[in-house]
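A.B. asks: Quick one: the structure is below, questions incoming.
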Amino acid sequence: DQQVKQNSPSLSVQEGRISILNCDYTNSMFDYFLWYKKYPAEGPTFLISISSIKDKNEDGRFTVFLNKSAKHLSLHIVPSQPGDSAVYFCAASYGDTGTASKLTFGTGTRLQVTL
Amino acid sequence: EAGVAQSPRYKIIEKRQSVAFWCNPISGHATLYWYQQILGQGPKLLIQFQNNGVVDDSQLPKDRFSAERLKGVDSTLKIQPAKLEDSAVYLCASSLESRVKTQYFGPGTRLLVL
């Protein structure tokens, strides 16, 4: 049962344009969402997160939007740069007890930013 | 600040052999996680420690996988005996404590079982 889904395995965007990566989830208990970026042969690196009490969080070129009614979130990168080329994972968690930090990951979207 | 360290980075073994992976989390991080990432999939949590106690090991195949964090710092993950389907990247992550949701990952150990 894939509770976090990233339906686009890959995305190609021109440098300077906007990259939009999408993520859908099925578990309505999820209350915290994170995006991780992964380069080859490295571990995932935390990028940005959002709590379910918000619908938008911005950090520099990165903005995450959350639509709770649609159980959908998206990551916008503006403007896209060649160094953004990586695999992006969406992750979700819920609760505030000892297992609150347990993350459920999507399958990832490979972003290629072309010159 | 040093990140999460893992070793070895790569390991090739024959099926039915045993293998062990080591992880040193970020200093001061009480919570440590081991993930398995199979090619084309997202990381899947195997086990979560809070200090030296297990918080969640519901997805750890306990007939062949074991993990320990004896002094609440370093951790080892062992597979014995290995199967072909264990070929994956094994990622270690840490967070300040179990309610802090941002985890920091190490570079991973890539295991190939032949």
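Starting from 1 in every chain, residues are counted up; chains themselves are A, B, ... following the order of the structure tokens, and ligands are numbered from 1 as listed.
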Can you list, as an MDAnalysis selection string, every residue of chain A that DSSP puts in strand (DSSP E or B)?
C.D. replies: chainID A and resid 4:5 10:14 19:25 32:38 45:51 56:59 62:67 72:77 86:93 104:105 109:114
A.B. asks: List as a PyMOL selection string the protein and nucleic acid residues near Ile18 in chain A, meaning an atom at most 10 Å away when only C-alpha atoms are counted, but skip any in the same chain fewer than 5 places from it.
C.D. replies: chain A and resi 13+61+76-81+113
A.B. asks: Would you save the residues of that selection, restricted to N, CA and C atoms, as a PDB file, in the first residue's frame?
C.D. replies:
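Saved as selection.pdb:
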```pdb
ATOM      1  N   VAL A  13      13.274  20.275 -17.161  1.00  0.00           N
ATOM      2  CA  VAL A  13      12.925  21.699 -17.160  1.00  0.00           C
ATOM      3  C   VAL A  13      14.131  22.493 -17.630  1.00  0.00           C
ATOM      4  N   ARG A  61      14.389  29.873  -3.151  1.00  0.00           N
ATOM      5  CA  ARG A  61      13.813  29.477  -4.436  1.00  0.00           C
ATOM      6  C   ARG A  61      12.786  28.350  -4.325  1.00  0.00           C
ATOM      7  N   HIS A  76       7.716  23.794  -5.650  1.00  0.00           N
ATOM      8  CA  HIS A  76       8.032  24.689  -6.754  1.00  0.00           C
ATOM      9  C   HIS A  76       9.464  25.180  -6.586  1.00  0.00           C
ATOM     10  N   ILE A  77      10.214  25.118  -7.655  1.00  0.00           N
ATOM     11  CA  ILE A  77      11.587  25.635  -7.644  1.00  0.00           C
ATOM     12  C   ILE A  77      11.668  26.720  -8.710  1.00  0.00           C
ATOM     13  N   VAL A  78      11.923  27.955  -8.245  1.00  0.00           N
ATOM     14  CA  VAL A  78      11.973  29.088  -9.173  1.00  0.00           C
ATOM     15  C   VAL A  78      13.132  30.027  -8.799  1.00  0.00           C
ATOM     16  N   PRO A  79      14.050  30.359  -9.711  1.00  0.00           N
ATOM     17  CA  PRO A  79      14.200  29.711 -11.011  1.00  0.00           C
ATOM     18  C   PRO A  79      14.992  28.413 -10.865  1.00  0.00           C
ATOM     19  N   SER A  80      14.782  27.492 -11.754  1.00  0.00           N
ATOM     20  CA  SER A  80      15.513  26.223 -11.711  1.00  0.00           C
ATOM     21  C   SER A  80      16.957  26.440 -12.175  1.00  0.00           C
ATOM     22  N   GLN A  81      17.868  25.719 -11.520  1.00  0.00           N
ATOM     23  CA  GLN A  81      19.294  25.820 -11.848  1.00  0.00           C
ATOM     24  C   GLN A  81      19.835  24.419 -12.139  1.00  0.00           C
ATOM     25  N   VAL A 113      17.545  19.574 -15.006  1.00  0.00           N
ATOM     26  CA  VAL A 113      17.487  20.971 -15.430  1.00  0.00           C
ATOM     27  C   VAL A 113      18.476  21.154 -16.563  1.00  0.00           C
TER      28      VAL A 113
END
```
A.B. asks: Residues of chain A that have any atom at most 12 Å from an atom of chain B: could you tabulate them with the shortest-distance atom pair and the distance in Å to one decimal, using only C-alpha atoms, ordered by chain and increasing number, as CSV?
C.D. replies:
```
residue,atom,partner,partner_atom,distance
A:Gln2,CA,B:Gly42,CA,10.3
A:Gln3,CA,B:Gly42,CA,11.6
A:Val4,CA,B:Gly42,CA,9.6
A:Lys5,CA,B:Gly42,CA,9.9
A:Gln6,CA,B:Gly42,CA,9.9
A:Pro9,CA,B:Gly40,CA,9.0
A:Ser10,CA,B:Gly40,CA,11.5
A:Asp31,CA,B:Lys101,CA,10.8
A:Tyr32,CA,B:Lys101,CA,8.0
A:Phe33,CA,B:Lys101,CA,9.0
A:Leu34,CA,B:Thr102,CA,7.9
A:Trp35,CA,B:Thr102,CA,10.0
A:Tyr36,CA,B:Gln103,CA,9.8
A:Lys37,CA,B:Phe105,CA,10.9
A:Lys38,CA,B:Pro107,CA,9.9
A:Tyr39,CA,B:Pro107,CA,9.9
A:Pro40,CA,B:Pro107,CA,9.6
A:Ala41,CA,B:Pro107,CA,6.7
A:Glu42,CA,B:Pro107,CA,4.5
A:Gly43,CA,B:Pro107,CA,4.1
A:Pro44,CA,B:Phe105,CA,5.9
A:Thr45,CA,B:Phe105,CA,6.7
A:Phe46,CA,B:Tyr104,CA,6.9
A:Leu47,CA,B:Thr102,CA,9.7
A:Ile48,CA,B:Thr102,CA,9.3
A:Ser49,CA,B:Thr102,CA,8.3
A:Ile50,CA,B:Lys101,CA,10.7
A:Ser51,CA,B:Lys101,CA,10.5
A:Val87,CA,B:Gly42,CA,10.2
A:Tyr88,CA,B:Gly42,CA,9.9
A:Phe89,CA,B:Gly42,CA,7.2
A:Cys90,CA,B:Gly42,CA,8.9
A:Ala91,CA,B:Gly42,CA,9.0
A:Ala92,CA,B:Lys101,CA,9.3
A:Ser93,CA,B:Lys101,CA,7.6
A:Tyr94,CA,B:Lys101,CA,9.1
A:Gly95,CA,B:Arg99,CA,8.3
A:Asp96,CA,B:Arg99,CA,5.7
A:Thr97,CA,B:Arg99,CA,6.1
A:Gly98,CA,B:Ser98,CA,5.1
A:Thr99,CA,B:Ser98,CA,6.3
A:Ala100,CA,B:Arg99,CA,5.2
A:Ser101,CA,B:Lys101,CA,4.3
A:Lys102,CA,B:Lys101,CA,7.5
A:Leu103,CA,B:Leu45,CA,7.4
A:Thr104,CA,B:Lys44,CA,7.1
A:Phe105,CA,B:Gly42,CA,5.3
A:Gly106,CA,B:Gly42,CA,5.4
A:Thr107,CA,B:Gly42,CA,4.3
A:Gly108,CA,B:Gly42,CA,6.3
A:Thr109,CA,B:Gly40,CA,9.9
A:Arg110,CA,B:Gly40,CA,10.4
```
A.B. asks: Dump N, CA and C atoms for the selected residues as a compact mmCIF listing (two decimals), in the first residue's frame?
C.D. replies:
```
# COMPACT_ATOMS: atom_id res chain seq x y z
N GLN A 2 0.92 1.94 -1.13
CA GLN A 2 1.77 3.10 -1.28
C GLN A 2 1.02 4.31 -0.74
N GLN A 3 1.35 4.76 0.47
CA GLN A 3 0.61 5.84 1.09
C GLN A 3 1.06 7.21 0.58
N VAL A 4 2.25 7.28 0.04
CA VAL A 4 2.78 8.52 -0.53
C VAL A 4 3.20 8.23 -1.96
N LYS A 5 2.62 8.98 -2.89
CA LYS A 5 2.85 8.66 -4.30
C LYS A 5 3.43 9.85 -5.04
N GLN A 6 4.43 9.57 -5.82
CA GLN A 6 4.97 10.56 -6.75
C GLN A 6 4.82 9.94 -8.13
N PRO A 9 7.89 9.87 -12.60
CA PRO A 9 9.23 9.39 -12.27
C PRO A 9 10.32 10.36 -12.71
N SER A 10 10.01 11.19 -13.71
CA SER A 10 11.04 12.12 -14.17
C SER A 10 10.41 13.40 -14.70
N ASP A 31 0.35 14.65 9.08
CA ASP A 31 0.23 16.06 9.45
C ASP A 31 1.52 16.85 9.25
N TYR A 32 2.50 16.20 8.66
CA TYR A 32 3.77 16.90 8.43
C TYR A 32 4.40 16.30 7.20
N PHE A 33 4.87 17.19 6.32
CA PHE A 33 5.38 16.74 5.03
C PHE A 33 6.75 17.36 4.77
N LEU A 34 7.62 16.58 4.15
CA LEU A 34 8.98 17.03 3.91
C LEU A 34 9.38 16.70 2.48
N TRP A 35 10.27 17.49 1.96
CA TRP A 35 10.90 17.18 0.68
C TRP A 35 12.40 16.98 0.92
N TYR A 36 12.90 15.92 0.32
CA TYR A 36 14.32 15.63 0.36
C TYR A 36 14.85 15.59 -1.06
N LYS A 37 16.10 15.96 -1.19
CA LYS A 37 16.79 15.97 -2.48
C LYS A 37 17.94 14.98 -2.40
N LYS A 38 18.14 14.21 -3.45
CA LYS A 38 19.19 13.18 -3.40
C LYS A 38 20.03 13.22 -4.67
N TYR A 39 21.33 13.41 -4.47
CA TYR A 39 22.29 13.28 -5.57
C TYR A 39 22.78 11.84 -5.60
N PRO A 40 23.28 11.39 -6.76
CA PRO A 40 23.81 10.02 -6.86
C PRO A 40 24.91 9.77 -5.84
N ALA A 41 24.89 8.60 -5.24
CA ALA A 41 25.91 8.15 -4.29
C ALA A 41 25.94 8.98 -3.01
N GLU A 42 24.89 9.74 -2.76
CA GLU A 42 24.79 10.48 -1.50
C GLU A 42 23.47 10.15 -0.83
N GLY A 43 23.39 10.44 0.46
CA GLY A 43 22.13 10.26 1.15
C GLY A 43 21.18 11.41 0.85
N PRO A 44 19.88 11.23 1.12
CA PRO A 44 18.93 12.33 0.93
C PRO A 44 19.26 13.52 1.82
N THR A 45 19.06 14.71 1.30
CA THR A 45 19.30 15.95 2.04
C THR A 45 17.98 16.67 2.24
N PHE A 46 17.70 17.07 3.48
CA PHE A 46 16.46 17.78 3.77
C PHE A 46 16.43 19.10 3.02
N LEU A 47 15.26 19.39 2.42
CA LEU A 47 15.11 20.60 1.62
C LEU A 47 14.15 21.59 2.28
N ILE A 48 12.93 21.16 2.50
CA ILE A 48 11.90 22.04 3.02
C ILE A 48 10.77 21.19 3.58
N SER A 49 10.01 21.74 4.52
CA SER A 49 8.91 20.99 5.11
C SER A 49 7.70 21.89 5.29
N ILE A 50 6.57 21.26 5.59
CA ILE A 50 5.35 22.01 5.86
C ILE A 50 4.47 21.23 6.82
N SER A 51 3.89 21.95 7.76
CA SER A 51 2.94 21.36 8.69
C SER A 51 1.55 21.46 8.09
N VAL A 87 17.27 13.64 -7.62
CA VAL A 87 16.00 12.95 -7.36
C VAL A 87 15.37 13.59 -6.13
N TYR A 88 14.10 13.93 -6.23
CA TYR A 88 13.38 14.58 -5.14
C TYR A 88 12.37 13.60 -4.55
N PHE A 89 12.45 13.44 -3.23
CA PHE A 89 11.53 12.56 -2.52
C PHE A 89 10.59 13.38 -1.65
N CYS A 90 9.34 13.03 -1.70
CA CYS A 90 8.33 13.56 -0.81
C CYS A 90 8.21 12.57 0.36
N ALA A 91 8.04 13.07 1.57
CA ALA A 91 7.90 12.20 2.74
C ALA A 91 6.83 12.78 3.66
N ALA A 92 6.20 11.90 4.44
CA ALA A 92 5.13 12.34 5.33
C ALA A 92 5.23 11.63 6.67
N SER A 93 4.72 12.29 7.70
CA SER A 93 4.69 11.68 9.03
C SER A 93 3.46 12.19 9.77
N TYR A 94 3.19 11.59 10.94
CA TYR A 94 2.07 12.08 11.76
C TYR A 94 2.31 11.82 13.22
N GLY A 95 1.59 12.57 14.03
CA GLY A 95 1.63 12.37 15.47
C GLY A 95 2.68 13.19 16.16
N ASP A 96 2.66 13.13 17.48
CA ASP A 96 3.66 13.86 18.27
C ASP A 96 4.22 12.99 19.39
N THR A 97 4.11 11.68 19.24
CA THR A 97 4.69 10.77 20.23
C THR A 97 6.02 10.23 19.70
N GLY A 98 6.48 9.17 20.28
CA GLY A 98 7.80 8.66 19.96
C GLY A 98 8.01 8.26 18.51
N THR A 99 6.94 7.88 17.83
CA THR A 99 7.12 7.48 16.43
C THR A 99 6.71 8.60 15.48
N ALA A 100 6.59 9.82 16.01
CA ALA A 100 6.13 10.93 15.18
C ALA A 100 7.08 11.23 14.04
N SER A 101 8.36 10.90 14.25
CA SER A 101 9.32 11.22 13.21
C SER A 101 9.42 10.13 12.15
N LYS A 102 8.64 9.07 12.27
CA LYS A 102 8.69 8.00 11.26
C LYS A 102 8.21 8.57 9.94
N LEU A 103 9.06 8.46 8.93
CA LEU A 103 8.76 9.02 7.62
C LEU A 103 8.34 7.94 6.65
N THR A 104 7.29 8.24 5.89
CA THR A 104 6.88 7.40 4.77
C THR A 104 7.24 8.16 3.50
N PHE A 105 8.06 7.54 2.67
CA PHE A 105 8.58 8.20 1.48
C PHE A 105 7.81 7.81 0.23
N GLY A 106 7.78 8.73 -0.73
CA GLY A 106 7.35 8.41 -2.08
C GLY A 106 8.49 7.76 -2.85
N THR A 107 8.23 7.45 -4.11
CA THR A 107 9.23 6.74 -4.92
C THR A 107 10.21 7.68 -5.61
N GLY A 108 9.98 8.99 -5.52
CA GLY A 108 10.94 9.94 -6.05
C GLY A 108 10.63 10.40 -7.47
N THR A 109 11.05 11.62 -7.77
CA THR A 109 10.97 12.20 -9.12
C THR A 109 12.35 12.70 -9.49
N ARG A 110 12.84 12.23 -10.63
CA ARG A 110 14.17 12.69 -11.09
C ARG A 110 14.00 13.97 -11.89
```
A.B. asks: Can you measure CA of Gly72 in chain B to CA of Pro8 in chain B for me? One decimal in Å is fine.
C.D. replies: 20.5 Å
A.B. asks: Could you list, as a list in words, every residue within 9 Å of Lys68 in chain A, counting only C-alpha atoms and ignoring same-chain residues fewer than 3 positions away?
C.D. replies: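 Listed by chain and then number, they are Ser28, Ser52, Asp55, Lys71, His72 and Leu73 of chain A.
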A.B. asks: Just give me the gap between CA of Arg17 in chain A and CA of Asn67 in chain A in Å, one decimal is fine.
C.D. replies: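 Value for the CA of Arg17 in chain A-CA of Asn67 in chain A distance: 23.1 Å.
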A.B. asks: Which neighbours of range 14-30 of chain B fall inside 6 Å, counting only C-alpha atoms, when residues of the same chain fewer than 5 positions from it are skipped, and could you give them as a list in words?
C.D. replies: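 The contact residues come out as Gly3, Val4, Ala5, Gln6, Ser7, Gln50, Asn51, Asp74, Ser75, Thr76, Leu77, Lys78, Ile79, Gln80, Pro81, Ala82, Lys83, Ser94, Ser95, Leu96, Glu97, Val113 and Leu114 of chain B.
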A.B. asks: Please produce a file of those selected residues containing C-alpha atoms, as a PDB file, in the first residue's frame.
C.D. replies:
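Okay, part26.pdb is ready:
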```
ATOM      1  CA  GLY B   3      27.221  14.669   9.439  1.00  0.00           C
ATOM      2  CA  VAL B   4      26.042  11.085   9.728  1.00  0.00           C
ATOM      3  CA  ALA B   5      28.868   8.675   8.973  1.00  0.00           C
ATOM      4  CA  GLN B   6      28.400   5.201   7.508  1.00  0.00           C
ATOM      5  CA  SER B   7      30.731   2.408   6.540  1.00  0.00           C
ATOM      6  CA  GLN B  50      15.637   6.380  20.760  1.00  0.00           C
ATOM      7  CA  ASN B  51      18.976   6.377  22.607  1.00  0.00           C
ATOM      8  CA  ASP B  74      26.852   4.201  17.147  1.00  0.00           C
ATOM      9  CA  SER B  75      24.687   1.515  15.627  1.00  0.00           C
ATOM     10  CA  THR B  76      25.216  -1.629  13.591  1.00  0.00           C
ATOM     11  CA  LEU B  77      22.792  -3.350  11.248  1.00  0.00           C
ATOM     12  CA  LYS B  78      23.419  -6.995  10.413  1.00  0.00           C
ATOM     13  CA  ILE B  79      21.999  -9.322   7.801  1.00  0.00           C
ATOM     14  CA  GLN B  80      22.472 -13.053   8.300  1.00  0.00           C
ATOM     15  CA  PRO B  81      22.016 -14.881   5.988  1.00  0.00           C
ATOM     16  CA  ALA B  82      21.703 -12.483   3.053  1.00  0.00           C
ATOM     17  CA  LYS B  83      19.299 -13.080   0.193  1.00  0.00           C
ATOM     18  CA  SER B  94      19.480  10.680  12.853  1.00  0.00           C
ATOM     19  CA  SER B  95      17.356  13.368  14.453  1.00  0.00           C
ATOM     20  CA  LEU B  96      17.583  15.315  17.690  1.00  0.00           C
ATOM     21  CA  GLU B  97      14.862  13.241  19.278  1.00  0.00           C
ATOM     22  CA  VAL B 113      24.117  -9.836  -3.026  1.00  0.00           C
ATOM     23  CA  LEU B 114      25.183 -12.289  -5.744  1.00  0.00           C
TER      24      LEU B 114
END
```
A.B. asks: Suppose you want the space between CA of Lys71 in chain B and CA of Gln59 in chain B; what is it in Å?
C.D. replies: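 Straight-line distance from CA of Lys71 in chain B to CA of Gln59 in chain B works out to 23.0 Å.
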A.B. asks: Would you please work out which residue, of B:Asn52, B:Leu46, B:Val73, B:Leu111, is nearest to Asp86 in chain B when using only C-alpha atoms?
C.D. replies: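 Of B:Asn52, B:Leu46, B:Val73, B:Leu111, the one nearest Asp86 in chain B is B:Leu111, counting only C-alpha atoms.
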